[in-house]
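Coordinates from coords-v6.pdb are shown below (PDB, C-alpha atoms, pLDDT in the B column).
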```pdb
ATOM      1  CA  MET N  37      91.060  91.529  31.010  1.00 87.00           C
ATOM      2  CA  GLY N  38      90.308  88.065  32.354  1.00 86.00           C
ATOM      3  CA  GLY N  39      92.131  86.027  29.725  1.00 90.00           C
ATOM      4  CA  SER N  40      94.236  82.901  30.221  1.00 92.00           C
ATOM      5  CA  PRO N  41      97.699  82.761  28.595  1.00 96.00           C
ATOM      6  CA  LEU N  42      98.612  79.722  26.503  1.00 97.00           C
ATOM      7  CA  SER N  43     101.921  80.473  24.784  1.00 98.00           C
ATOM      8  CA  ALA N  44     104.482  83.260  24.554  1.00 98.00           C
ATOM      9  CA  LEU N  45     107.488  84.462  22.565  1.00 97.00           C
ATOM     10  CA  ASN N  46     110.421  86.337  24.096  1.00 96.00           C
ATOM     11  CA  ILE N  47     111.298  89.718  22.560  1.00 96.00           C
ATOM     12  CA  VAL N  48     114.734  91.002  23.574  1.00 97.00           C
ATOM     13  CA  GLY N  49     116.927  93.996  22.827  1.00 96.00           C
ATOM     14  CA  PHE N  50     120.392  93.711  24.343  1.00 97.00           C
ATOM     15  CA  PRO N  51     123.621  95.736  24.097  1.00 96.00           C
ATOM     16  CA  GLN N  52     126.695  93.903  22.840  1.00 92.00           C
ATOM     17  CA  GLU N  53     128.800  95.536  25.569  1.00 94.00           C
ATOM     18  CA  LEU N  54     126.981  93.869  28.481  1.00 95.00           C
ATOM     19  CA  PRO N  55     127.870  90.378  29.730  1.00 95.00           C
ATOM     20  CA  ILE N  56     125.767  87.647  28.160  1.00 94.00           C
ATOM     21  CA  SER N  57     125.234  86.189  31.641  1.00 96.00           C
ATOM     22  CA  LEU N  58     122.967  89.157  32.402  1.00 95.00           C
ATOM     23  CA  LEU N  59     120.789  88.271  29.428  1.00 95.00           C
ATOM     24  CA  GLY N  60     120.611  84.720  30.763  1.00 95.00           C
ATOM     25  CA  GLU N  61     119.289  86.004  34.090  1.00 96.00           C
ATOM     26  CA  ILE N  62     116.647  88.130  32.360  1.00 95.00           C
ATOM     27  CA  LEU N  63     115.434  85.202  30.272  1.00 96.00           C
ATOM     28  CA  ALA N  64     115.461  82.892  33.293  1.00 96.00           C
ATOM     29  CA  GLY N  65     113.295  85.350  35.223  1.00 95.00           C
ATOM     30  CA  GLY N  66     110.789  85.523  32.370  1.00 95.00           C
ATOM     31  CA  ALA N  67     110.709  81.724  32.066  1.00 96.00           C
ATOM     32  CA  GLU N  68     110.087  81.406  35.797  1.00 95.00           C
ATOM     33  CA  LYS N  69     107.032  83.674  35.572  1.00 95.00           C
ATOM     34  CA  LEU N  70     105.729  81.809  32.529  1.00 97.00           C
ATOM     35  CA  VAL N  71     105.837  78.567  34.487  1.00 96.00           C
ATOM     36  CA  GLU N  72     103.921  80.271  37.293  1.00 95.00           C
ATOM     37  CA  ALA N  73     101.360  81.519  34.755  1.00 95.00           C
ATOM     38  CA  ASN N  74     101.068  78.026  33.212  1.00 95.00           C
ATOM     39  CA  CYS N  75     102.111  79.481  29.867  1.00 97.00           C
ATOM     40  CA  ALA N  76     104.387  77.707  27.341  1.00 97.00           C
ATOM     41  CA  LEU N  77     107.458  79.503  25.980  1.00 97.00           C
ATOM     42  CA  LEU N  78     107.732  78.745  22.249  1.00 96.00           C
ATOM     43  CA  GLY N  79     110.889  80.709  21.435  1.00 94.00           C
ATOM     44  CA  GLY N  80     111.516  84.343  20.603  1.00 95.00           C
ATOM     45  CA  HIS N  81     113.599  86.935  18.846  1.00 95.00           C
ATOM     46  CA  SER N  82     116.582  89.038  19.925  1.00 94.00           C
ATOM     47  CA  VAL N  83     118.338  92.058  18.422  1.00 95.00           C
ATOM     48  CA  ARG N  84     121.342  94.148  19.375  1.00 95.00           C
ATOM     49  CA  ASP N  85     120.183  97.404  20.932  1.00 95.00           C
ATOM     50  CA  SER N  86     121.715 100.318  22.809  1.00 94.00           C
ATOM     51  CA  GLU N  87     119.380  99.685  25.760  1.00 93.00           C
ATOM     52  CA  VAL N  88     118.151  96.549  27.470  1.00 94.00           C
ATOM     53  CA  LYS N  89     114.575  95.720  26.469  1.00 95.00           C
ATOM     54  CA  TYR N  90     112.618  92.603  27.335  1.00 96.00           C
ATOM     55  CA  GLY N  91     109.020  91.624  26.815  1.00 95.00           C
ATOM     56  CA  LEU N  92     106.697  88.810  25.822  1.00 96.00           C
ATOM     57  CA  ALA N  93     104.205  88.431  22.989  1.00 97.00           C
ATOM     58  CA  VAL N  94     101.446  86.308  24.532  1.00 96.00           C
ATOM     59  CA  THR N  95      98.627  84.310  22.955  1.00 97.00           C
ATOM     60  CA  GLY N  96      95.714  83.117  25.067  1.00 96.00           C
ATOM     61  CA  THR N  97      91.986  82.580  25.378  1.00 96.00           C
ATOM     62  CA  ILE N  98      89.133  84.476  26.974  1.00 92.00           C
ATOM     63  CA  ASP N  99      85.434  83.906  27.584  1.00 89.00           C
ATOM     64  CA  PRO N 100      83.657  86.537  25.431  1.00 90.00           C
ATOM     65  CA  ALA N 101      80.978  86.823  28.114  1.00 86.00           C
ATOM     66  CA  LYS N 102      83.522  87.654  30.829  1.00 83.00           C
ATOM     67  CA  ILE N 103      85.865  90.173  29.230  1.00 89.00           C
ATOM     68  CA  LEU N 104      87.004  92.794  31.724  1.00 92.00           C
ATOM     69  CA  THR N 105      87.311  96.300  30.246  1.00 95.00           C
ATOM     70  CA  ASN N 106      87.921  99.778  31.631  1.00 95.00           C
ATOM     71  CA  GLY N 107      84.374 100.786  30.663  1.00 95.00           C
ATOM     72  CA  GLY N 108      81.273  99.952  32.675  1.00 95.00           C
ATOM     73  CA  ALA N 109      81.984 101.508  36.090  1.00 97.00           C
ATOM     74  CA  ARG N 110      78.755 102.732  37.723  1.00 97.00           C
ATOM     75  CA  ALA N 111      78.056 105.489  40.216  1.00 97.00           C
ATOM     76  CA  GLY N 112      78.091 103.950  43.698  1.00 97.00           C
ATOM     77  CA  ASP N 113      80.681 101.297  42.845  1.00 98.00           C
ATOM     78  CA  ILE N 114      83.534 100.822  45.301  1.00 98.00           C
ATOM     79  CA  LEU N 115      87.101 101.164  43.989  1.00 98.00           C
ATOM     80  CA  VAL N 116      89.618  98.480  44.976  1.00 98.00           C
ATOM     81  CA  LEU N 117      93.351  98.499  44.183  1.00 98.00           C
ATOM     82  CA  THR N 118      95.257  95.214  44.350  1.00 97.00           C
ATOM     83  CA  LYS N 119      98.876  96.399  44.681  1.00 97.00           C
ATOM     84  CA  ALA N 120     100.619  99.191  46.530  1.00 96.00           C
ATOM     85  CA  LEU N 121     101.945 102.252  44.698  1.00 96.00           C
ATOM     86  CA  GLY N 122     105.557 103.333  44.492  1.00 95.00           C
ATOM     87  CA  THR N 123     107.506 101.173  42.026  1.00 94.00           C
ATOM     88  CA  GLY N 124     108.327 104.191  39.858  1.00 93.00           C
ATOM     89  CA  THR N 125     109.610 106.094  42.858  1.00 94.00           C
ATOM     90  CA  VAL N 126     111.751 103.177  44.052  1.00 94.00           C
ATOM     91  CA  SER N 127     113.168 102.691  40.543  1.00 92.00           C
ATOM     92  CA  THR N 128     114.071 106.377  40.365  1.00 92.00           C
ATOM     93  CA  ALA N 129     115.758 106.172  43.755  1.00 93.00           C
ATOM     94  CA  LEU N 130     117.663 103.063  42.624  1.00 93.00           C
ATOM     95  CA  ASN N 131     118.954 104.858  39.533  1.00 90.00           C
ATOM     96  CA  LYS N 132     120.246 107.608  41.817  1.00 91.00           C
ATOM     97  CA  GLY N 133     121.792 105.167  44.279  1.00 91.00           C
ATOM     98  CA  GLN N 134     119.355 106.081  47.055  1.00 90.00           C
ATOM     99  CA  ALA N 135     117.215 102.941  47.434  1.00 87.00           C
ATOM    100  CA  ASP N 136     117.892 100.788  50.492  1.00 92.00           C
ATOM    101  CA  ALA N 137     117.960  97.009  50.047  1.00 93.00           C
ATOM    102  CA  ASP N 138     114.751  96.391  52.016  1.00 92.00           C
ATOM    103  CA  VAL N 139     112.855  99.028  50.008  1.00 93.00           C
ATOM    104  CA  LEU N 140     114.113  97.561  46.747  1.00 94.00           C
ATOM    105  CA  SER N 141     113.136  94.070  47.899  1.00 94.00           C
ATOM    106  CA  SER N 142     109.581  95.223  48.634  1.00 93.00           C
ATOM    107  CA  ALA N 143     109.242  96.819  45.198  1.00 95.00           C
ATOM    108  CA  THR N 144     110.754  93.808  43.416  1.00 94.00           C
ATOM    109  CA  SER N 145     108.368  91.453  45.197  1.00 94.00           C
ATOM    110  CA  SER N 146     105.404  93.580  44.126  1.00 95.00           C
ATOM    111  CA  MET N 147     106.549  93.884  40.505  1.00 94.00           C
ATOM    112  CA  SER N 148     107.189  90.144  40.187  1.00 94.00           C
ATOM    113  CA  THR N 149     103.731  89.233  41.512  1.00 94.00           C
ATOM    114  CA  LEU N 150     101.358  88.194  38.733  1.00 95.00           C
ATOM    115  CA  ASN N 151      97.943  89.838  38.409  1.00 94.00           C
ATOM    116  CA  ALA N 152      96.351  86.494  37.524  1.00 93.00           C
ATOM    117  CA  GLY N 153      94.772  86.036  40.955  1.00 94.00           C
ATOM    118  CA  ALA N 154      93.498  89.612  41.007  1.00 96.00           C
ATOM    119  CA  ALA N 155      91.930  89.125  37.577  1.00 94.00           C
ATOM    120  CA  GLN N 156      90.170  85.968  38.726  1.00 93.00           C
ATOM    121  CA  ALA N 157      88.973  87.814  41.825  1.00 95.00           C
ATOM    122  CA  ALA N 158      87.560  90.580  39.625  1.00 95.00           C
ATOM    123  CA  ILE N 159      85.616  88.013  37.612  1.00 93.00           C
ATOM    124  CA  ALA N 160      84.337  86.295  40.764  1.00 94.00           C
ATOM    125  CA  LEU N 161      83.253  89.635  42.237  1.00 95.00           C
ATOM    126  CA  ASP N 162      81.483  90.564  38.979  1.00 94.00           C
ATOM    127  CA  ALA N 163      83.531  93.755  38.699  1.00 96.00           C
ATOM    128  CA  HIS N 164      81.879  96.310  36.439  1.00 97.00           C
ATOM    129  CA  SER N 165      85.182  97.765  35.247  1.00 97.00           C
ATOM    130  CA  VAL N 166      88.891  96.916  35.570  1.00 97.00           C
ATOM    131  CA  THR N 167      92.170  98.480  34.476  1.00 97.00           C
ATOM    132  CA  ASP N 168      95.800  97.747  35.181  1.00 96.00           C
ATOM    133  CA  VAL N 169      97.943 100.500  36.690  1.00 96.00           C
ATOM    134  CA  THR N 170     101.151 100.988  34.715  1.00 93.00           C
ATOM    135  CA  GLY N 171     102.840 103.853  32.873  1.00 91.00           C
ATOM    136  CA  PHE N 172     100.103 106.452  33.266  1.00 93.00           C
ATOM    137  CA  GLY N 173     100.007 105.917  37.016  1.00 95.00           C
ATOM    138  CA  LEU N 174      96.924 105.429  39.167  1.00 97.00           C
ATOM    139  CA  CYS N 175      95.376 108.753  38.190  1.00 97.00           C
ATOM    140  CA  GLY N 176      96.057 108.366  34.487  1.00 96.00           C
ATOM    141  CA  HIS N 177      94.542 104.903  34.193  1.00 97.00           C
ATOM    142  CA  ALA N 178      91.672 105.927  36.470  1.00 97.00           C
ATOM    143  CA  ALA N 179      90.950 108.837  34.123  1.00 97.00           C
ATOM    144  CA  GLU N 180      90.762 106.395  31.219  1.00 97.00           C
ATOM    145  CA  MET N 181      88.318 104.269  33.203  1.00 97.00           C
ATOM    146  CA  ALA N 182      86.222 107.341  34.020  1.00 97.00           C
ATOM    147  CA  ALA N 183      86.156 108.473  30.387  1.00 97.00           C
ATOM    148  CA  ALA N 184      85.207 105.005  29.112  1.00 97.00           C
ATOM    149  CA  SER N 185      82.478 104.676  31.751  1.00 97.00           C
ATOM    150  CA  GLY N 186      81.077 108.216  31.735  1.00 96.00           C
ATOM    151  CA  VAL N 187      81.688 108.733  35.481  1.00 97.00           C
ATOM    152  CA  THR N 188      84.056 110.439  37.933  1.00 97.00           C
ATOM    153  CA  LEU N 189      86.399 108.384  40.126  1.00 98.00           C
ATOM    154  CA  GLU N 190      87.006 109.687  43.636  1.00 97.00           C
ATOM    155  CA  PHE N 191      89.977 108.561  45.748  1.00 97.00           C
ATOM    156  CA  VAL N 192      90.857 109.250  49.385  1.00 95.00           C
ATOM    157  CA  ALA N 193      94.555 110.152  49.564  1.00 95.00           C
ATOM    158  CA  SER N 194      95.089 108.636  53.019  1.00 93.00           C
ATOM    159  CA  ASP N 195      93.626 105.297  51.853  1.00 95.00           C
ATOM    160  CA  LEU N 196      96.136 104.792  49.037  1.00 96.00           C
ATOM    161  CA  PRO N 197      98.419 101.792  49.705  1.00 96.00           C
ATOM    162  CA  ILE N 198     102.115 102.679  49.457  1.00 96.00           C
ATOM    163  CA  LEU N 199     105.082 100.311  49.184  1.00 95.00           C
ATOM    164  CA  SER N 200     107.294 100.124  52.235  1.00 91.00           C
ATOM    165  CA  GLY N 201     109.835 102.953  52.098  1.00 93.00           C
ATOM    166  CA  ALA N 202     108.369 104.590  48.987  1.00 93.00           C
ATOM    167  CA  GLU N 203     106.547 107.284  50.938  1.00 92.00           C
ATOM    168  CA  ASP N 204     109.803 108.532  52.439  1.00 92.00           C
ATOM    169  CA  LEU N 205     111.445 108.534  49.006  1.00 93.00           C
ATOM    170  CA  ALA N 206     108.536 110.526  47.572  1.00 92.00           C
ATOM    171  CA  ARG N 207     108.859 113.063  50.394  1.00 92.00           C
ATOM    172  CA  ARG N 208     112.433 113.540  49.170  1.00 90.00           C
ATOM    173  CA  GLU N 209     110.987 114.136  45.673  1.00 86.00           C
ATOM    174  CA  LEU N 210     112.552 110.996  44.249  1.00 85.00           C
ATOM    175  CA  VAL N 211     109.725 110.488  41.758  1.00 82.00           C
ATOM    176  CA  SER N 212     110.064 109.714  38.083  1.00 82.00           C
ATOM    177  CA  GLY N 213     109.600 112.205  35.290  1.00 81.00           C
ATOM    178  CA  GLY N 214     106.438 110.302  34.458  1.00 81.00           C
ATOM    179  CA  SER N 215     104.745 111.824  37.513  1.00 85.00           C
ATOM    180  CA  LYS N 216     105.115 115.343  36.130  1.00 85.00           C
ATOM    181  CA  ARG N 217     104.132 114.325  32.609  1.00 90.00           C
ATOM    182  CA  ASN N 218     101.046 112.498  33.865  1.00 91.00           C
ATOM    183  CA  ARG N 219     100.008 115.583  35.866  1.00 90.00           C
ATOM    184  CA  THR N 220     100.383 117.804  32.817  1.00 91.00           C
ATOM    185  CA  HIS N 221      98.493 115.351  30.618  1.00 91.00           C
ATOM    186  CA  LEU N 222      95.511 115.156  32.992  1.00 94.00           C
ATOM    187  CA  GLY N 223      95.101 118.934  33.280  1.00 93.00           C
ATOM    188  CA  ASP N 224      91.659 119.883  34.540  1.00 93.00           C
ATOM    189  CA  HIS N 225      90.500 116.254  34.386  1.00 96.00           C
ATOM    190  CA  LEU N 226      92.171 115.863  37.803  1.00 96.00           C
ATOM    191  CA  GLN N 227      90.619 117.735  40.728  1.00 94.00           C
ATOM    192  CA  LEU N 228      92.184 118.039  44.173  1.00 94.00           C
ATOM    193  CA  SER N 229      89.954 118.619  47.186  1.00 92.00           C
ATOM    194  CA  GLY N 230      91.330 119.445  50.628  1.00 88.00           C
ATOM    195  CA  ASP N 231      94.880 119.340  51.919  1.00 91.00           C
ATOM    196  CA  ILE N 232      96.671 116.587  49.990  1.00 92.00           C
ATOM    197  CA  PRO N 233     100.349 116.019  50.843  1.00 92.00           C
ATOM    198  CA  SER N 234     102.428 116.584  47.716  1.00 91.00           C
ATOM    199  CA  HIS N 235     104.253 113.262  48.103  1.00 92.00           C
ATOM    200  CA  LEU N 236     100.963 111.314  48.067  1.00 94.00           C
ATOM    201  CA  LEU N 237      99.831 113.196  44.975  1.00 94.00           C
ATOM    202  CA  ASN N 238     103.128 112.394  43.270  1.00 93.00           C
ATOM    203  CA  LEU N 239     102.748 108.701  44.112  1.00 95.00           C
ATOM    204  CA  ALA N 240      99.204 108.690  42.720  1.00 95.00           C
ATOM    205  CA  LEU N 241     100.547 110.200  39.495  1.00 95.00           C
ATOM    206  CA  ASP N 242     103.823 108.284  39.231  1.00 92.00           C
ATOM    207  CA  SER N 243     104.376 105.638  36.580  1.00 92.00           C
ATOM    208  CA  GLU N 244     104.134 102.079  37.877  1.00 94.00           C
ATOM    209  CA  THR N 245     105.907  98.984  36.613  1.00 92.00           C
ATOM    210  CA  SER N 246     103.725  95.875  36.883  1.00 93.00           C
ATOM    211  CA  GLY N 247     101.224  97.673  39.096  1.00 95.00           C
ATOM    212  CA  GLY N 248      98.024  96.138  40.387  1.00 96.00           C
ATOM    213  CA  LEU N 249      94.460  96.157  39.111  1.00 97.00           C
ATOM    214  CA  LEU N 250      91.980  98.924  39.832  1.00 98.00           C
ATOM    215  CA  MET N 251      88.459  97.526  39.862  1.00 98.00           C
ATOM    216  CA  ALA N 252      84.993  98.966  40.340  1.00 98.00           C
ATOM    217  CA  ILE N 253      82.781  96.627  42.368  1.00 97.00           C
ATOM    218  CA  ALA N 254      79.111  96.910  43.268  1.00 97.00           C
ATOM    219  CA  PRO N 255      78.641  97.617  47.003  1.00 97.00           C
ATOM    220  CA  GLU N 256      76.526  94.486  47.450  1.00 96.00           C
ATOM    221  CA  ASN N 257      79.502  92.334  46.412  1.00 95.00           C
ATOM    222  CA  LEU N 258      81.904  93.770  48.987  1.00 92.00           C
ATOM    223  CA  GLY N 259      80.841  91.169  51.546  1.00 93.00           C
ATOM    224  CA  ALA N 260      82.668  88.558  49.484  1.00 96.00           C
ATOM    225  CA  LEU N 261      85.771  90.718  48.934  1.00 96.00           C
ATOM    226  CA  ALA N 262      88.018  89.371  51.694  1.00 95.00           C
ATOM    227  CA  GLU N 263      87.151  85.715  51.083  1.00 95.00           C
ATOM    228  CA  THR N 264      87.608  86.068  47.322  1.00 96.00           C
ATOM    229  CA  MET N 265      90.982  87.792  47.618  1.00 96.00           C
ATOM    230  CA  GLU N 266      92.199  85.156  50.050  1.00 95.00           C
ATOM    231  CA  ARG N 267      91.036  82.340  47.785  1.00 96.00           C
ATOM    232  CA  GLU N 268      92.871  83.877  44.822  1.00 95.00           C
ATOM    233  CA  SER N 269      96.008  84.535  46.934  1.00 93.00           C
ATOM    234  CA  VAL N 270      95.909  88.310  46.439  1.00 95.00           C
ATOM    235  CA  GLN N 271      98.301  89.419  49.163  1.00 88.00           C
ATOM    236  CA  ARG N 272      97.470  93.114  49.302  1.00 91.00           C
ATOM    237  CA  TYR N 273      94.348  95.027  48.335  1.00 95.00           C
ATOM    238  CA  CYS N 274      92.719  98.215  49.558  1.00 95.00           C
ATOM    239  CA  ILE N 275      89.442 100.055  49.140  1.00 97.00           C
ATOM    240  CA  ILE N 276      90.605 103.482  47.952  1.00 97.00           C
ATOM    241  CA  GLY N 277      87.461 105.315  46.872  1.00 97.00           C
ATOM    242  CA  GLU N 278      84.135 105.352  45.109  1.00 97.00           C
ATOM    243  CA  VAL N 279      82.652 105.933  41.672  1.00 98.00           C
ATOM    244  CA  LYS N 280      80.591 109.124  41.408  1.00 97.00           C
ATOM    245  CA  PRO N 281      78.291 110.453  38.687  1.00 97.00           C
ATOM    246  CA  ALA N 282      80.092 112.378  35.952  1.00 95.00           C
ATOM    247  CA  GLU N 283      80.945 115.956  36.958  1.00 92.00           C
ATOM    248  CA  GLY N 284      81.856 118.121  33.989  1.00 93.00           C
ATOM    249  CA  SER N 285      85.483 117.701  32.912  1.00 92.00           C
ATOM    250  CA  THR N 286      86.508 116.065  36.200  1.00 93.00           C
ATOM    251  CA  GLN N 287      87.471 112.439  35.645  1.00 95.00           C
ATOM    252  CA  VAL N 288      89.443 111.881  38.857  1.00 96.00           C
ATOM    253  CA  ARG N 289      89.085 113.608  42.214  1.00 96.00           C
ATOM    254  CA  ILE N 290      91.449 113.080  45.142  1.00 96.00           C
ATOM    255  CA  LEU N 291      90.195 113.961  48.611  1.00 94.00           C
ATOM    256  CA  GLY N 292      92.597 115.130  51.322  1.00 86.00           C
TER     257      GLY N 292
END
```

Once you've parsed the file, please lay out its structure as structure tokens.
Amino acid sequence: MGGSPLSALNIVGFPQELPISLLGEILAGGAEKLVEANCALLGGHSVRDSEVKYGLAVTGTIDPAKILTNGGARAGDILVLTKALGTGTVSTALNKGQADADVLSSATSSMSTLNAGAAQAAIALDAHSVTDVTGFGLCGHAAEMAAASGVTLEFVASDLPILSGAEDLARRELVSGGSKRNRTHLGDHLQLSGDIPSHLLNLALDSETSGGLLMAIAPENLGALAETMERESVQRYCIIGEVKPAEGSTQVRILG
């Protein structure tokens, strides 16, 4: 939303049966990202749990005049996505022992990349609307943006950026259960137009872990897109569609 983190607390759930060294690695990874985000770790809280859980409670600041929300997208805006899709698919493949090392490395690199630069780019480009892409997948979070803005978001399936190796995994139907649940939840708010490969649709619906930002940018600001992304060290971004006027119950349309 354009805020700057100041301090954070670790929140951990950890099974007694697992080696404590694993917990140390988890906490070290979180601390490493906090240093990168220029955010101070003040402590935290841990409990015994049957599953591993880790998160951060973060306190920060934000300029009230520059808060990025998922409302405000306007017809004619261009839609830009700042990370590739496929982390949910790769995670599912990993759980089934079917993720190659190079594919896993690509997904891990994407998930461990902060969205701080993308958020600063959105502010610099005067984005009308921004959302992160996480558990509800690209389509689910796009639908929330459309509902908050009173518009329809239109994507081009062939323009969607996909993590290396994830497309092949999706063709083998190695997608998470979240993909099916997200499809059911959207119902007639999602419209498909043309011949859309099922694996691309599944990737657009699949849950993402630490996905990128989806932003709606005025066409006149696109000339500064490449320079701004480079300045903010955003490694991968793609134009994936356009904002259209509201069309009945349709919140998201995917073109084949």

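Distances here use all atoms listed in the file; by that measure, the residue among N:Val192, N:Val288, N:Leu59, N:Ala111 closest to Gly223 (chain N) is N:Val288.
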
Problem - Val94 (chain N) surroundings by only C-alpha atoms, 6 Å radius, close-in-sequence under 2 positions cut, as a list of chain:residue names - result: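 My reading of the contact set: N:Ser43, N:Ala44, N:Leu92.
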
Problem - Selection: 10 Å around region 249-254 of chain N, all atoms listed in the file, excl. self and same-chain fewer than 3 positions, as a VMD selection string - result: chain N and resid 37 104 to 119 151 to 152 154 to 155 157 to 158 161 to 170 174 177 to 178 181 189 246 257 to 258 261 273 to 279

Handout entry: Resolved residues for the PyMOL selection byres ((chain N and resi 73) around 9) as a list in words
Key =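 After applying the PyMOL selection byres ((chain N and resi 73) around 9), what remains is Ser40, Pro41, Leu42, Glu68, Lys69, Leu70, Val71, Glu72, Asn74, Cys75, Ala76, Leu150 and Ala152 of chain N.
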
Fill in the blank from the handout: The distance between CA of Asp224 (chain N) and CA of Gln287 (chain N) is 8.6 Å

Exercise for the section: Would you work out the distance separating CA of Gly292 (chain N) from CA of Pro197 (chain N), expressed in Å to one decimal? Expected result: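 If I compute the distance from CA of Gly292 (chain N) to CA of Pro197 (chain N), I get 14.6 Å.
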
Practice task
Between N:Leu236, N:Leu205, N:Ala282, N:Ala160, single out the one closest to Ser185 (chain N), counting only C-alpha atoms.
Solution key: N:Ala282

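The residue that comes closest to Ile232 (chain N), out of N:Leu291, N:Val187, N:Ala67, N:Ala179 and on the basis of only C-alpha atoms, is N:Leu291.
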
Residues within 10 Å of Gly214 (chain N), all atoms listed in the file, excluding chain neighbours under 2 positions, as an mmCIF file with C-alpha atoms, in the coordinates of the input:
```
data_model
loop_
_atom_site.group_PDB
_atom_site.id
_atom_site.type_symbol
_atom_site.label_atom_id
_atom_site.label_comp_id
_atom_site.auth_asym_id
_atom_site.auth_seq_id
_atom_site.Cartn_x
_atom_site.Cartn_y
_atom_site.Cartn_z
ATOM 1 C CA GLY N 124 108.327 104.191 39.858
ATOM 2 C CA THR N 125 109.610 106.094 42.858
ATOM 3 C CA GLY N 171 102.840 103.853 32.873
ATOM 4 C CA PHE N 172 100.103 106.452 33.266
ATOM 5 C CA GLY N 173 100.007 105.917 37.016
ATOM 6 C CA VAL N 211 109.725 110.488 41.758
ATOM 7 C CA SER N 212 110.064 109.714 38.083
ATOM 8 C CA LYS N 216 105.115 115.343 36.130
ATOM 9 C CA ARG N 217 104.132 114.325 32.609
ATOM 10 C CA ASN N 218 101.046 112.498 33.865
ATOM 11 C CA ARG N 219 100.008 115.583 35.866
ATOM 12 C CA THR N 220 100.383 117.804 32.817
ATOM 13 C CA ASN N 238 103.128 112.394 43.270
ATOM 14 C CA LEU N 241 100.547 110.200 39.495
ATOM 15 C CA ASP N 242 103.823 108.284 39.231
ATOM 16 C CA SER N 243 104.376 105.638 36.580
ATOM 17 C CA GLU N 244 104.134 102.079 37.877
#
```

Exercise for the section: Tell me, as JSON, numbers by chain, which residues lie within 7 Å of Leu121 (chain N), counting only C-alpha atoms; anything in the same chain fewer than 4 positions away does not count. Expected result: {"N": [197, 198, 199, 239]}

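Of the residues listed (N:Ile56, N:Ile159, N:Leu222, N:Ala206), N:Ile159 shows the shortest atom-to-atom separation from Ile98 (chain N); distances use only C-alpha atoms.
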